[in-house]
Every structure is written in C-alpha cells, then in structure tokens.
Amino acid sequence: MIPFVARRLVQSLFVMLAVAALAFALFRFVGDPVSQMTGVETAPEDMERLRVELGLTDPVPVQFARFVGDLVTLDFGYSYRTRQPVGAMIAERIPATLELGFVALLISLVVGVPGGVYAALKPRSPATQALLIGTLIGVSVPTFVIGILLIFLFGVQLGWLPTFGRGSTVEIGPWRTSLLTVDGWRALILPAITLGLYQLTLTLRLVRAEMMEVMRTDHIRFALARGLPLTSIHYRHALGNTLVPVVTIVALQFGGVIAFSIVTESVFQWPGLGLLFLESIRFVDIPVMAVYLVLIGFVFVAINLLVDLLYAAIDPRIRVTGAA
Amino acid sequence: MRALIRDSDALHLLARSPLVIASALVAIVILAGAALAPWIAPTDPYDLASFSLVDALRPPAFQDGADPRFLLGTDDQGRDMVSAILHGARLSLVIGLSAMAFAAVLGVGLGLAAGWIGGRFDAVVMRIADVQLALPAILTALLIDGIARGVLPRDAQEETRVAVLIVAIGLSLWVNFARTARASTFRARNEDYVQAAIAMGVHPARILAVEILPNVVGPLLVIATVDLASAILLEATLSFLGVGLPADAPSLGTLIRIGMQFLLSGEWWILWVPTAFLVVLVVAINVLGDFLRDVFNPRLR
Amino acid sequence: MLAVEGLTVEFPGRRGVLRAVEDVGLSVAPGEIHGLVGESGAGKSTIAAAITGLLPEPGRVAAGAIRLGETDLLALPPAARHAARGKRISMIFQDPQTSLNPLMTIEAQLVETILAHEPDLGDRAARARAAALLAETGIRDAERRMAAYPHQFSGGMRQRVAIALALCTRPELVVADEPTTALDVAVQSQVLALIRRLVDERGLGMVLITHDIGVIAQVTDRVTVLRHGRVVEAGPTGAVLGRPQAAYTRSLMASVPRLERRLDRFPLVAIDGAPAIVRPDAADAAERWLRAHRDATAAPPAAEALAVEGLRVAFDGPRRGLFRKGEPIRAVTDVSLALPRGSVLGLVGESGSGKSTLAKAIMGLVQPTGGTMRHDGAMLPPGRSRPRSHPARRAIQMVFQDPYSSLNARRRIGAILAEPLALYRIEPDAEARDRLARAMLALVGLPEDAAERYPHQFSGGQRQRIAIARALLARPDVLVCDEPTSALDVSIQAQVLNLLKDLQERFALSILFISHDLAVVRQMADRIAVMKDGRLVEAGESEAFFAGPRAEYSRTLLALTPSLALLEGAAAAAPSPAETAAVREM
C-alpha cells in the first residue's frame, strides 16, 4: 500500500516535470521574451542588458532549474499583455472556475450515476431508450451550442435567468464566491448545466456499461442464487464493484470540466481562468499560457493521486495484502 | 465466410434500427454534398464578387420576403447560406478526417510498437500518453494553435491555418488510438497463435501485419468513427472560440460564431441553420460509431 | 424431494427456437447426490439454471414441472421464487476466483446472506453461525480468518467459503455446477470429500453437474447421462457406469482414459450409426510426403531428440518498494530431462508446477536464467538469442492447449497451414503448398475443403487436428504438446489421443507430452517426469512409475486422481459400503 502510493508519487513528479518542461519550452522558445517586454525603440544594448538580467544567457538547464524554482515558490512572473503579476491574475480568476466546475461535476454525478444504474437494470424500458438517445445527442451537441440554446431559451425567450457574468458575489478573504447569493446562483445555473451536460452523458454511459458488465459476473449470479435482497445486490454488490472504473473516469472528467470551462466561460462571459487563457492565447501572452498549463497539469496529477488513494479505500485487493 | 456471417449479423442489427439507417443516409448525403460543394453550391462563398450587400439578410425560401435564389436565406454580407454551409461542411470534414487520420497513423503506430516491444519503450510511450491525457483535447489544440501563432511569421499564418488545426486536433486525439492498439496488441501477443508464430520464427513485421493488425481493426474502427465526431466538434469549437478558421473561409464553427451576433435579432437562420447542420452531422456519425461498437462487441449481441 | 418432469427449455433466437433441454426428468432424495454428466452442449448447466430459476435471457421453460417438496417452483410468482433461492435452493459455482464479491469480507457476505433469510436472528447469532459453518467446511481458525477478504484465500479455500455461503441459510437442495473443475486434483479430492460429508450429515439433496466421469464415480449416488439436451440413461451410479446400456454411455466410458491400465487405442464405439472414418487417397499422399522427408535425412547423431540440463527460469516478482525489485519468482529450478528419439515423454504436474514454462523455454518463447538445452545433440540457443532461421524452429513444433486461441480467427485454414511450408521454404510453389495442406487435413481426419473455411467453423477437437496438421507441415521430428486435450470433451480427447499415437508411431516422432492428468499421460507416455513447484520430483519408465512411484508426491498424486477401478468391480456387484467409504476418505 505505502510502496504503491510512493511509486505513484514519484511518477506524478515526473509527469509534473514533463509538464513544466513543456511550459518552459513554451516560455523560452516561442517568441522572444525580451522583444515582448520592450518596445520597438529600445536600444540593442538595453535589450542585451535585460537579457543578461533575466538570465536568458545562462545555459538552458540552469534556466530550467530556475524556472522550476520559481514555480515551486509560486513566483510566476509578469503577463506580457497586462504587465501584472501572473500569480495575482490567476488567483483572482480561480474561484469562479472552481465553483463553476464543481457545480457542473455535481450535476453530472447526481444525474449521471442513478441514470446509468437505471439504464443498466431496466434495459428494455422506454425511459432507458429515451435516456440512451438523449446521451447520444448529448455527446454530439458541442458545448457551445448547448450554451447558446440555453441562453436563447431561458435568457432571451423566457427571460428567467441571466446570460452572462457571475451575478453578485461575496468576498471571503481572497475568495470571491457566487454561491452565497441568490443572484449568484441564478447566474451559475445556465453555465453549470452547459458545462455539466457533456460530462453527464459520459458518466451515464459509463455507469451503465460497467453495471451491465458487473451484473453478468459470477459473484452477482451467486448473490442472486443465495436470494439476497435485490436492492442489496444492485446497490451494494454491483454498484460497489463498478466504483473503481467510475471513479477513474469521473476524476479524468474533472480535467475535462476545467478544459471545457474555456468554452463555457467564453459563451457566458464567465470571468474565470478559461476566459483568461483564451485572451492570453489571442494575444500570445506566453507567461499566462505557461502557468495555466502548469496549473492544469498540477490539478490532473493531484486528482490522479487522490484517485489512487480512493482505489485503496474501495478495493481491498490493493489495501490488504498477504494471506489470511 | 466468417466475414460474411459477421456482416449478416451487422445487417441484422442494421435492419433492426431505423435510426442507424437514417444516420448512414444523412452521413452519406452530407459527405457527398461537402465533397461536391464546388460544383453543386449555387454560389462561391469565397469569391467576394459573387455576392453583394444588396442581398444581405434574406430569410429562407419559405418565409415572407424571401428571394427564391436563396433557399436558406443569406447572411449579413449577402452570402447564400446553402453555399456557405456546403463549403463550411467541406472544410470541417476535410479538417476532421485529416486530423483523425493523422491521429490514427500516429496512435496506431505507437500503440502497436508499444504493445509489441513492451518494456521500457512501452513505459515511455504510455507516460507520454498520460501527460497528453493530463491536457484535455481542447487545451492541447488551443496550445498548439497558440504556439503556432507565436512561432510562425504573421503572413504564413493564414496559409498554414488548416494545417495547424489538423495537427492541433490530431495531436489531442492520438492517445485513444494508441491505448486501444496497445491493449489489443498486448492481448493478441499472448494468444497462442501469435506465440506459435513467434516460436516458428515468423518475422515480427509479418506477425504484426498478418496476425495482429486484422484482430485490432474492429475496435480501431469504432475509435476512428467516434474520434471523427470529436475532431469535427473540436474544429467547430476552436473556430467558435475565434482561434480556428477566419470569417472569409468559414467552417461550420465559424458560421455559428458569426451567427451568434444575430441571436437576439430576428435573423434566426444565420445562427440556427448551420448549428442544426453541425449537430445532425455529428449525431449521425456518433450513431454509426455506436452501431459499430455493438457490431464489434459480441457480448452485447 | 426434488422432482423434475418433462422439462423442456427453449432459447428463442432470430434463427429459430433453440431447444437446449428436452423432456428431461430427474429426482433427488434427501442425503443423495445426483450427478448430471455429459459433454459440452448436453444442457447440464441449463437444467441447473432452470431449477434455480436463473435462466439467462431469453431462455424460458417451455414445458414440464419442477417441484421441490410440495412446492411447484414454476408456479411461484417471481418474488416468492427469489425468496426461495438461498432459503430452500442454493447453488455452488465453478470458479471460486470469481464467485465471491471481492470487495466484501467473508464475514460480511455470510452474515448478510443469513440475515437476508432470517432477519430475526440478530447480528451476533448470525456471526456465530457463520464461524461455525466455516469451521465445519474445514477452515481452521475461522473466527479470526473470516474477517479477511476473498483474495486472501487460495482457490480451494475459496471454494470452501462458497460452500459455506451456499449452506448458511440451511437450504434443502444445493445445485453444484462443476464445483471442482477449476481446482487441482488434490484439492478437488478434498472438496469432493467435504461435499459428500455435508450431504450425508445434513441430509441435503444435491444436483452435481460435471463433465468428469471420475468425479461422478467418486461422489454421486445416482447419475443421469445427458446428450444434446436429452436424457440418454439414468440410474444408480455403479450400475450406469459399470454396465452402461445406451451406446452413447458405452462410448463415453470407453473414451475415459484409465489410470490403471494403458490402452493401445481407445475403442471408439459408433453412436447413432455414424459411418466409419473413410481414409481418402489424399491422406496417403501426405503420408508419403512425410515419409519421403524422413528417409532423406541422414541418421541423426544423438540418441536423444531433446535434452535439458539444469534448466532454470525465473520471472520478476511484484516490486517490493520504490527502488527494490521484487523477489524473482522461480518458475523452473534445475530441471534435467531427456526425450529419447522416437519416444513419448510425459511431463506431469499441477497448475503452477512450471511444466508449461519448461515447454516455452524449449520453444524459445521464454528466456531461461540458466542451464542448457540440446536438440539432436546440438546446443539450442536460449530465448531471444535463437535466430529466426535456426533449424530447430522447424524441427521442433508445438501444439497448444487452447484450440480456440491457437488459430488466428481472421485467417483461412489453408493460409494457416501453408505458413510453415512457405516460411521454411519447404515448397516454393503456392499451388503445391495448397495441395499439401489439403492432403495433411485428410491425414488428420478432416475434409479437404476445410482449407477454405475459417477456424470458428470448427469444433474444439477439429481445431486441435488443424493445429496438429500445421505442426506436421513443418516436417518436425519433435512435437511439444502442452495439454493438447484438456480443453476437449472426453470422447473428442480419445480421438485426438488416438491420432497422436498413430502419427507418433508411423513417423517415429519424438513427443514431449505435457498434462495435469495422470490417466491421460499413462495412455501416451513411454517415460514419465513429475514436476512440483518448478522442480523435478521424479522421472522414469512409465510402466515402472505406475506400478510403484518412488516419490511421496507422486504417490499422493496417483492416489488422489479419480479412478474408475471401483466400477470394474461394481459391474458385478454394487460397491460395498467399505469401498465407498474408502473412496470418500480420499
């Protein structure tokens, strides 16, 4: 168990280093940082001096080590576009994206898991057929189209819900939240549904497939032959055995949620990380892009580690070794 | 004969689901329309001389004030929507198919090699795949697009747009192919018929080509179909976000982005016609992908 | 107590209705084990599923009655039927590796099952019953060990747990579907003894399904022989197996390899007036071709076709830590063996004994960590260092265990068979290759047009013949057969063993014959080698070995292998209680 986690930890470190190297390459070799920082009229000598000051004349491995050192000490440099510290820019945007992503994921789980179980247990019911056709359309309609549809229906036609921004927010320390006001929740509903719908269809299809697989196994047939209550067979024995793959995919989806938040934030003008990233791509704002990249890599790696720990909690074959 | 029987099973599944037949028809019609766009489209949407502002914002033929020349109306530039959509679908499909092919060649190649060679090579490829998975498709595509903007000289950017999109989308989709090819190769490698071939001294290239690849094709075909849908969606999303194709050579995603400006006005067709077209196309491809999955998964029969 | 009458089970499909079971009747009394025996497709498992009410979709009982005591099971509404499962009828499955929920402790699974049927019992009493039952099924220190998870138990122990789970609700009837098929012979013997004891002590009724005549002979009171979903013959076990009346039962009994004597050929009894096998002319062509090659080669220099000296194979074990590699797993340790030219060496061992690893090392499929191998006196380069063009790659051919995995489903039989001819440049002309492939099919007893078909169109036995044909087309002098018949039905096994014997004698092949089944090996081998835990336990002349094995392990193995010797006496008289008891003790 402990060696297992330790090994995953080291692997995660390597993945993080690879992502950092990617970000560094982006930072160092895409465009010239100095010409980005200075104007057209800067004298060549000044540019050279700046180059030395910034350490851009050092050997590349030294620069990379410094880059990683800066990342670890949360020193992310300055944006080419706004000239502000990247760290502050990101910190300001994180709460909006995390809240959006969290609610979207919640929607996808709360609807997707029971939906998948139902579809697996009642394969012939008309509701299941409707669900399956629904998921097929769900994976086929691009997120931005869903957003536009929702805006058109609930924002424009019915006028029930706001169609852009976060609504009114409350500041708790550095965290600006929209979860504490009715207005904030109203603003959150459409983007969260937009973002969650695609993940929901994936979750539903996965849970259904895994449930159907497990329902065919010997130990479920044995549980049936012992006359255990059907609720226990379905929810304790079968659903329990689908958890490992489901947890894996749901965790991977969190990465997907953050990525698709770029689209959702763009449609709803949601002031989160995605919008920031999109702006920085349009303006080739390399430092922001690089830090965003590292951040996404970090979230992914952290979630994967968490998943490994969850595996151990779910599956005794990982947790408990040795003969009885 | 085996193929015949499987085909008959496939035909049986096909006969049972009108949705699949309809999807196949839709896909074929759209594919044909897109392929023949330069010859069957009423006007050339790329040729500025072929349309004029006089015709701008005409509604579709069945609404009042329509011009019979424009079956689905015109946009704010006076461009014929039918022509714009046919050419847009053509661009979307060219990019989608090329990106899928690029991802397939890269992914299947790496996956077969990793599954066959195993050991350290396999570990390295799979770690790269892990890192790739850490960066969701949209993000990868956006990043590569951003890098291309930074690296390529400004005047070359317009011409390389399509190529950059293909590489960006292709790179974000190769992992699926690689993982499937690797898993199938790994499984086949341990099958006795491959072990027999190894023991007999058959050349590895021949084993891969004759014994393993035919057994991997089924699952890969499913991935290819589903990934084609993903690639088209990705292209549309990138274009919608404004980092894909520009407005003077619009793909379906670009058309939808242009149409967004008319969300609040009465000219609904400029937004909803290309949107519906895109959704129908992707639904049809995904229905076919699902169907293939059923055909190649004997357990679900 | 259980009465099944006129049971007919149908599976409607789009190619018509498949009748899996037709007009089957059987009855079980308390304290009685009723065996259902038959080859694949006989409908045994379908009958079990019909009794427990767990027929897979879209199966349905089309006719007949199933009564348990006074209850007509088929008339029960689904809820009552489900409530009767566990409470009155329980079941034991084949594979103990998959029949327990891996995420729950043994205790939780037992307690849940008990409380599901006796909710008033209380947690404490349920636990006590669970522990007592586990102890009764032979799990020592049950009180403590029931807190463990299934993966912490060995296969045999898990099957004991499964038996405890089936019995914890005190059912009247237990249906056991191949309960010992996945177990090694020693464990099988213990589990069968346990089942017999529990049935006797508790007055249970049991339906025991198996394909293994040895198991039927060892443990059942009555037996029903099934074929194609119909009852062929039924009655007391001794009478049915000892004096079979139906032609099918006679042929089945004739096909069972006997541990106590070596047969020259299995006598194949014609059933349903099946035509005698006609040998087509093409077979002679194939035989002439094989002989021509044989005569052309000069007398080989060595008396031993294959010799292995001090062979070791080790695999990397699971890692112990971040930087520590796992302890290597020693699959084969210091094994020395010799296969004299033109003879058959039988290699015997339980699963995990390293016998298949040894075969793969000889084939160059795994890398040995030490020792030498010789073919015809010449050194055999090990593993990866054996070049693809090495002559031994042609001269040593292998026949695998699983005929479903050893032929590529995507290739025509003709292409599969032509492969060695082209690969070893034996026959440059494609048309001649095709002719030879067809002739070889005839030699192994298949129609020549089989070359145009694909593997899935053949049964397991036919596929194994195709695999043998492929091996022969390389014109080998050594065949390595790794459990070539253990995936086959017993009558098919007899045919394939006869074929191998024929070929071996006619072409003076040297065969390394690997099997877990001593009775099969006895029919084939001139010499015997026994392996256990990767080491050689004993090796010697076959007849001497069966007359008196030297090693303790060999003796145990021989004693535990189910034997039909008992029935030879039973043909004259029913077995005496003492005899039956003696069998049950083992």
# chains A, B, ... in the order shown; residues from 1 in each chain; ligands from 1
call {"tool": "select_by_dssp", "arguments": {"residues": "stretch 11-144 of chain C", "states": "helix (DSSP H, G or I)", "output": "ChimeraX atom specification"}}
result
/C:44-52,73-75,78-87,106-117,119-121,123-136,142-144
call {"tool": "interface_residues", "arguments": {"of": "chain B", "to": "chain A", "cutoff": "7 Å", "atoms": "only C-alpha atoms", "output": "list in words"}}
result
Val131, Ala134, Leu135, Pro136, Ile138, Leu139, Gly146, Ile147, Gly150, Val151, Leu233, Val279, Val282, Val283 and Asn286 of chain B
call {"tool": "write_last_selection", "arguments": {"atoms": "all heavy atoms", "output": "compact mmCIF listing (two decimals), in the first residue's frame"}}
result
# COMPACT_ATOMS: atom_id res chain seq x y z
N VAL B 131 0.71 12.16 -19.95
CA VAL B 131 0.85 13.61 -19.95
C VAL B 131 -0.15 14.22 -20.92
O VAL B 131 -0.81 15.22 -20.63
CB VAL B 131 2.29 14.02 -20.33
CG1 VAL B 131 2.40 15.52 -20.46
CG2 VAL B 131 3.27 13.50 -19.29
N ALA B 134 -3.37 14.43 -19.46
CA ALA B 134 -3.48 15.49 -18.46
C ALA B 134 -3.91 16.79 -19.11
O ALA B 134 -4.42 17.68 -18.45
CB ALA B 134 -2.14 15.68 -17.76
N LEU B 135 -3.68 16.90 -20.43
CA LEU B 135 -4.07 18.10 -21.14
C LEU B 135 -5.26 17.77 -22.03
O LEU B 135 -5.09 17.18 -23.09
CB LEU B 135 -2.91 18.59 -22.00
CG LEU B 135 -1.61 18.82 -21.24
CD1 LEU B 135 -0.48 19.12 -22.21
CD2 LEU B 135 -1.77 19.97 -20.26
N PRO B 136 -6.46 18.11 -21.62
CA PRO B 136 -7.64 17.76 -22.41
C PRO B 136 -7.56 18.30 -23.83
O PRO B 136 -6.83 19.28 -24.09
CB PRO B 136 -8.79 18.43 -21.65
CG PRO B 136 -8.28 18.61 -20.27
CD PRO B 136 -6.82 18.82 -20.38
N ILE B 138 -9.25 20.07 -25.97
CA ILE B 138 -9.41 21.49 -26.33
C ILE B 138 -8.17 22.27 -25.96
O ILE B 138 -7.68 23.11 -26.71
CB ILE B 138 -10.60 22.08 -25.57
CG1 ILE B 138 -11.87 21.51 -26.16
CG2 ILE B 138 -10.59 23.60 -25.65
CD1 ILE B 138 -13.06 22.36 -25.92
N LEU B 139 -7.64 21.94 -24.78
CA LEU B 139 -6.48 22.66 -24.28
C LEU B 139 -5.28 22.42 -25.18
O LEU B 139 -4.57 23.37 -25.55
CB LEU B 139 -6.20 22.17 -22.86
CG LEU B 139 -5.27 23.05 -22.06
CD1 LEU B 139 -5.88 24.41 -21.90
CD2 LEU B 139 -5.03 22.42 -20.71
N GLY B 146 -1.83 28.30 -30.22
CA GLY B 146 -1.14 29.46 -29.66
C GLY B 146 0.33 29.47 -30.01
O GLY B 146 0.90 30.50 -30.37
N ILE B 147 0.95 28.27 -29.92
CA ILE B 147 2.37 28.17 -30.23
C ILE B 147 2.60 28.54 -31.70
O ILE B 147 3.51 29.30 -32.03
CB ILE B 147 2.88 26.75 -29.96
CG1 ILE B 147 2.86 26.49 -28.45
CG2 ILE B 147 4.28 26.56 -30.51
CD1 ILE B 147 3.12 25.05 -28.08
N GLY B 150 2.74 32.05 -32.20
CA GLY B 150 3.97 32.66 -31.71
C GLY B 150 5.15 32.37 -32.62
O GLY B 150 6.01 33.22 -32.80
N VAL B 151 5.18 31.17 -33.20
CA VAL B 151 6.36 30.74 -33.95
C VAL B 151 6.31 31.17 -35.41
O VAL B 151 7.29 31.67 -35.95
CB VAL B 151 6.51 29.20 -33.86
CG1 VAL B 151 7.65 28.73 -34.75
CG2 VAL B 151 6.76 28.80 -32.42
N LEU B 233 -16.19 18.26 -33.86
CA LEU B 233 -16.63 19.12 -32.76
C LEU B 233 -15.50 20.05 -32.31
O LEU B 233 -15.73 21.23 -32.04
CB LEU B 233 -17.07 18.27 -31.56
CG LEU B 233 -18.43 17.60 -31.67
CD1 LEU B 233 -18.79 16.90 -30.37
CD2 LEU B 233 -19.49 18.64 -32.01
N VAL B 279 -25.00 19.76 -35.78
CA VAL B 279 -25.48 18.77 -34.81
C VAL B 279 -25.95 17.51 -35.51
O VAL B 279 -25.62 16.39 -35.11
CB VAL B 279 -26.60 19.39 -33.94
CG1 VAL B 279 -27.28 18.30 -33.12
CG2 VAL B 279 -26.03 20.46 -33.04
N VAL B 282 -22.92 15.44 -36.63
CA VAL B 282 -22.18 14.76 -35.55
C VAL B 282 -23.04 13.67 -34.93
O VAL B 282 -22.55 12.58 -34.62
CB VAL B 282 -21.72 15.78 -34.49
CG1 VAL B 282 -21.00 15.06 -33.37
CG2 VAL B 282 -20.79 16.80 -35.12
N VAL B 283 -24.34 13.92 -34.76
CA VAL B 283 -25.22 12.86 -34.23
C VAL B 283 -25.17 11.65 -35.16
O VAL B 283 -25.02 10.51 -34.71
CB VAL B 283 -26.67 13.37 -34.06
CG1 VAL B 283 -27.62 12.21 -33.80
CG2 VAL B 283 -26.76 14.37 -32.92
N ASN B 286 -21.97 9.78 -34.66
CA ASN B 286 -21.93 9.08 -33.38
C ASN B 286 -22.87 7.88 -33.35
O ASN B 286 -22.56 6.85 -32.74
CB ASN B 286 -22.27 10.04 -32.24
CG ASN B 286 -21.03 10.74 -31.71
OD1 ASN B 286 -19.94 10.18 -31.74
ND2 ASN B 286 -21.19 11.96 -31.24
call {"tool": "residues_around", "arguments": {"residues": "stretch 227-235 of chain A", "least_positions_apart": "5", "cutoff": "9 Å", "atoms": "only C-alpha atoms", "output": "ChimeraX atom specification"}}
result
/A:117,121,211,215,220,222,240 /C:81-87,90,112-113,116-117
call {"tool": "atom_distance", "arguments": {"atom1": "atom CA of C:Asp141", "atom2": "atom CA of C:Val174"}}
result
25.9 Å
call {"tool": "residues_around", "arguments": {"residues": "C:Ile329", "least_positions_apart": "2", "cutoff": "7 Å", "atoms": "only C-alpha atoms", "output": "NGL selection string"}}
result
:C and (314-317 or 327 or 331)
call {"tool": "write_last_selection", "arguments": {"atoms": "all heavy atoms", "output": "mmCIF file, in the first residue's frame"}}
result
data_model
loop_
_atom_site.group_PDB
_atom_site.id
_atom_site.type_symbol
_atom_site.label_atom_id
_atom_site.label_comp_id
_atom_site.auth_asym_id
_atom_site.auth_seq_id
_atom_site.Cartn_x
_atom_site.Cartn_y
_atom_site.Cartn_z
ATOM 1 N N ALA C 314 13.343 -17.843 -14.230
ATOM 2 C CA ALA C 314 12.808 -17.006 -13.162
ATOM 3 C C ALA C 314 12.193 -15.759 -13.783
ATOM 4 O O ALA C 314 12.667 -15.238 -14.789
ATOM 5 C CB ALA C 314 13.910 -16.609 -12.180
ATOM 6 N N PHE C 315 11.070 -15.320 -13.217
ATOM 7 C CA PHE C 315 10.428 -14.081 -13.661
ATOM 8 C C PHE C 315 10.564 -13.036 -12.567
ATOM 9 O O PHE C 315 10.700 -13.366 -11.393
ATOM 10 C CB PHE C 315 8.945 -14.311 -13.943
ATOM 11 C CG PHE C 315 8.691 -15.315 -15.025
ATOM 12 C CD1 PHE C 315 8.121 -16.541 -14.730
ATOM 13 C CD2 PHE C 315 9.032 -15.042 -16.333
ATOM 14 C CE1 PHE C 315 7.877 -17.472 -15.725
ATOM 15 C CE2 PHE C 315 8.795 -15.958 -17.335
ATOM 16 C CZ PHE C 315 8.214 -17.182 -17.036
ATOM 17 N N ASP C 316 10.496 -11.754 -12.974
ATOM 18 C CA ASP C 316 10.491 -10.692 -11.970
ATOM 19 C C ASP C 316 9.219 -10.787 -11.140
ATOM 20 O O ASP C 316 8.122 -10.886 -11.680
ATOM 21 C CB ASP C 316 10.536 -9.315 -12.649
ATOM 22 C CG ASP C 316 11.894 -9.070 -13.284
ATOM 23 O OD1 ASP C 316 12.851 -9.755 -12.858
ATOM 24 O OD2 ASP C 316 11.994 -8.242 -14.185
ATOM 25 N N GLY C 317 9.384 -10.739 -9.835
ATOM 26 C CA GLY C 317 8.217 -10.760 -8.965
ATOM 27 C C GLY C 317 7.638 -9.368 -8.828
ATOM 28 O O GLY C 317 8.165 -8.408 -9.391
ATOM 29 N N GLU C 327 11.191 -10.068 -5.259
ATOM 30 C CA GLU C 327 11.881 -11.345 -5.269
ATOM 31 C C GLU C 327 11.566 -12.044 -6.589
ATOM 32 O O GLU C 327 10.414 -12.088 -6.993
ATOM 33 C CB GLU C 327 11.358 -12.219 -4.123
ATOM 34 C CG GLU C 327 11.771 -11.754 -2.747
ATOM 35 C CD GLU C 327 13.193 -12.151 -2.446
ATOM 36 O OE1 GLU C 327 13.457 -13.374 -2.448
ATOM 37 O OE2 GLU C 327 14.031 -11.256 -2.231
ATOM 38 N N ALA C 331 10.148 -20.127 -11.672
ATOM 39 C CA ALA C 331 9.151 -20.965 -12.327
ATOM 40 C C ALA C 331 9.706 -22.367 -12.571
ATOM 41 O O ALA C 331 9.000 -23.353 -12.445
ATOM 42 C CB ALA C 331 8.706 -20.334 -13.633
#
call {"tool": "residues_around", "arguments": {"residues": "C:Gln97", "least_positions_apart": "4", "cutoff": "12 Å", "atoms": "only C-alpha atoms", "output": "number ranges by chain"}}
result
A: 217-219; C: 93, 101-102, 149-162, 179, 182-183
call {"tool": "write_last_selection", "arguments": {"atoms": "C-alpha atoms", "output": "CSV table (one decimal), in the first residue's frame"}}
result
chain,number,residue,atom,x,y,z
A,217,THR,CA,-20.3,-11.7,-13.2
A,218,ASP,CA,-20.3,-14.9,-11.2
A,219,HIS,CA,-20.5,-13.3,-7.8
C,93,PHE,CA,-20.4,-22.2,-9.0
C,101,ASN,CA,-17.6,-10.4,-4.1
C,102,PRO,CA,-14.0,-9.2,-4.0
C,149,TYR,CA,-11.3,-10.7,2.0
C,150,PRO,CA,-11.7,-13.4,-0.7
C,151,HIS,CA,-8.4,-12.6,-2.4
C,152,GLN,CA,-6.5,-13.6,0.7
C,153,PHE,CA,-7.6,-17.2,0.4
C,154,SER,CA,-6.4,-19.9,-2.0
C,155,GLY,CA,-8.7,-21.4,-4.7
C,156,GLY,CA,-9.6,-24.5,-2.7
C,157,MET,CA,-10.2,-22.4,0.5
C,158,ARG,CA,-12.4,-20.0,-1.5
C,159,GLN,CA,-14.5,-22.9,-2.8
C,160,ARG,CA,-15.0,-24.0,0.9
C,161,VAL,CA,-16.1,-20.4,1.6
C,162,ALA,CA,-18.5,-20.6,-1.3
C,179,PRO,CA,-17.7,-27.3,-8.3
C,182,ALA,CA,-11.2,-25.2,-11.6
C,183,LEU,CA,-9.3,-27.0,-8.8
call {"tool": "residues_around", "arguments": {"residues": "stretch 235-240 of chain B", "least_positions_apart": "3", "cutoff": "8 Å", "atoms": "only C-alpha atoms", "output": "PyMOL selection string"}}
result
(chain A and resi 142+144+263) or (chain B and resi 92+95-96+138+141-142+165+169+231-232+243-246+251-254+256-257)
call {"tool": "interface_residues", "arguments": {"of": "chain A", "to": "chain C", "cutoff": "12 Å", "atoms": "only C-alpha atoms", "output": "PyMOL selection string"}}
result
chain A and resi 1-11+214-233+236-244+311-324
call {"tool": "interface_residues", "arguments": {"of": "chain C", "to": "chain B", "cutoff": "10 Å", "atoms": "only C-alpha atoms", "output": "count of residues only"}}
result
48
call {"tool": "atom_distance", "arguments": {"atom1": "atom CA of A:Arg93", "atom2": "atom CA of A:Glu265"}}
result
11.4 Å
call {"tool": "atom_distance", "arguments": {"atom1": "atom CA of B:Leu106", "atom2": "atom CA of B:Gly170"}}
result
8.8 Å
call {"tool": "closest_residue", "arguments": {"among": "C:Ala307, C:Val313, C:Val28, C:Leu36", "to": "C:Pro328", "atoms": "only C-alpha atoms"}}
result
C:Val313
call {"tool": "residues_around", "arguments": {"residues": "B:Ala84", "least_positions_apart": "5", "cutoff": "10 Å", "atoms": "only C-alpha atoms", "output": "short mmCIF file (atom, residue, chain, number, x, y, z; two decimals) with N, CA, C and O atoms, in the first residue's frame"}}
result
data_model
loop_
_atom_site.label_atom_id
_atom_site.label_comp_id
_atom_site.auth_asym_id
_atom_site.auth_seq_id
_atom_site.Cartn_x
_atom_site.Cartn_y
_atom_site.Cartn_z
N ALA B 37 -19.22 20.21 -53.11
CA ALA B 37 -19.62 21.59 -52.87
C ALA B 37 -19.22 22.56 -54.00
O ALA B 37 -20.04 23.35 -54.46
N ALA B 41 -22.79 23.84 -55.23
CA ALA B 41 -23.22 25.01 -54.48
C ALA B 41 -23.62 26.12 -55.46
O ALA B 41 -22.95 26.31 -56.48
N PRO B 42 -24.75 26.80 -55.18
CA PRO B 42 -25.23 27.83 -56.11
C PRO B 42 -24.21 28.94 -56.32
O PRO B 42 -24.08 29.45 -57.43
N THR B 43 -23.50 29.34 -55.28
CA THR B 43 -22.52 30.42 -55.44
C THR B 43 -21.22 30.02 -54.77
O THR B 43 -21.16 29.02 -54.05
N ASP B 44 -20.17 30.79 -55.02
CA ASP B 44 -18.88 30.53 -54.38
C ASP B 44 -18.72 31.50 -53.21
O ASP B 44 -18.50 32.69 -53.42
N PRO B 45 -18.85 31.02 -51.99
CA PRO B 45 -18.83 31.95 -50.85
C PRO B 45 -17.46 32.59 -50.62
O PRO B 45 -17.35 33.54 -49.87
N TYR B 46 -16.41 32.05 -51.26
CA TYR B 46 -15.08 32.63 -51.05
C TYR B 46 -14.82 33.76 -52.04
O TYR B 46 -13.85 34.49 -51.92
N THR B 74 -29.77 34.42 -46.71
CA THR B 74 -28.41 34.94 -46.83
C THR B 74 -27.97 35.53 -45.50
O THR B 74 -28.80 35.79 -44.62
N ASP B 75 -26.65 35.71 -45.35
CA ASP B 75 -26.16 36.32 -44.11
C ASP B 75 -26.02 37.84 -44.30
O ASP B 75 -26.49 38.39 -45.30
N ARG B 79 -24.23 36.62 -48.46
CA ARG B 79 -23.77 35.31 -48.90
C ARG B 79 -24.92 34.29 -48.82
O ARG B 79 -25.65 34.28 -47.84
N ALA B 89 -19.11 22.81 -44.42
CA ALA B 89 -19.08 21.39 -44.07
C ALA B 89 -17.88 20.72 -44.74
O ALA B 89 -17.22 19.86 -44.15
N ARG B 90 -17.58 21.16 -45.95
CA ARG B 90 -16.43 20.60 -46.66
C ARG B 90 -15.15 20.86 -45.88
O ARG B 90 -14.37 19.94 -45.63
N ALA B 249 -13.07 32.38 -44.77
CA ALA B 249 -13.11 30.99 -45.24
C ALA B 249 -13.79 30.17 -44.15
O ALA B 249 -13.15 29.41 -43.44
N PRO B 250 -15.09 30.36 -43.96
CA PRO B 250 -15.74 29.86 -42.76
C PRO B 250 -15.97 28.35 -42.78
O PRO B 250 -16.37 27.79 -43.80
N SER B 251 -15.69 27.70 -41.65
CA SER B 251 -16.14 26.33 -41.43
C SER B 251 -17.47 26.43 -40.70
O SER B 251 -17.97 27.52 -40.43
N LEU B 252 -18.04 25.27 -40.36
CA LEU B 252 -19.35 25.30 -39.67
C LEU B 252 -19.25 26.08 -38.36
O LEU B 252 -20.14 26.85 -38.02
N LEU B 255 -19.21 29.77 -38.98
CA LEU B 255 -20.56 30.23 -39.34
C LEU B 255 -21.40 30.44 -38.09
O LEU B 255 -22.16 31.40 -37.98
N PRO B 274 -26.80 26.67 -39.68
CA PRO B 274 -25.52 25.94 -39.58
C PRO B 274 -25.41 25.12 -38.30
O PRO B 274 -24.81 24.04 -38.30
#
call {"tool": "closest_residue", "arguments": {"among": "C:Ala132, C:Val520, C:Val225, C:Leu290", "to": "C:Ala247", "atoms": "only C-alpha atoms"}}
result
C:Val225
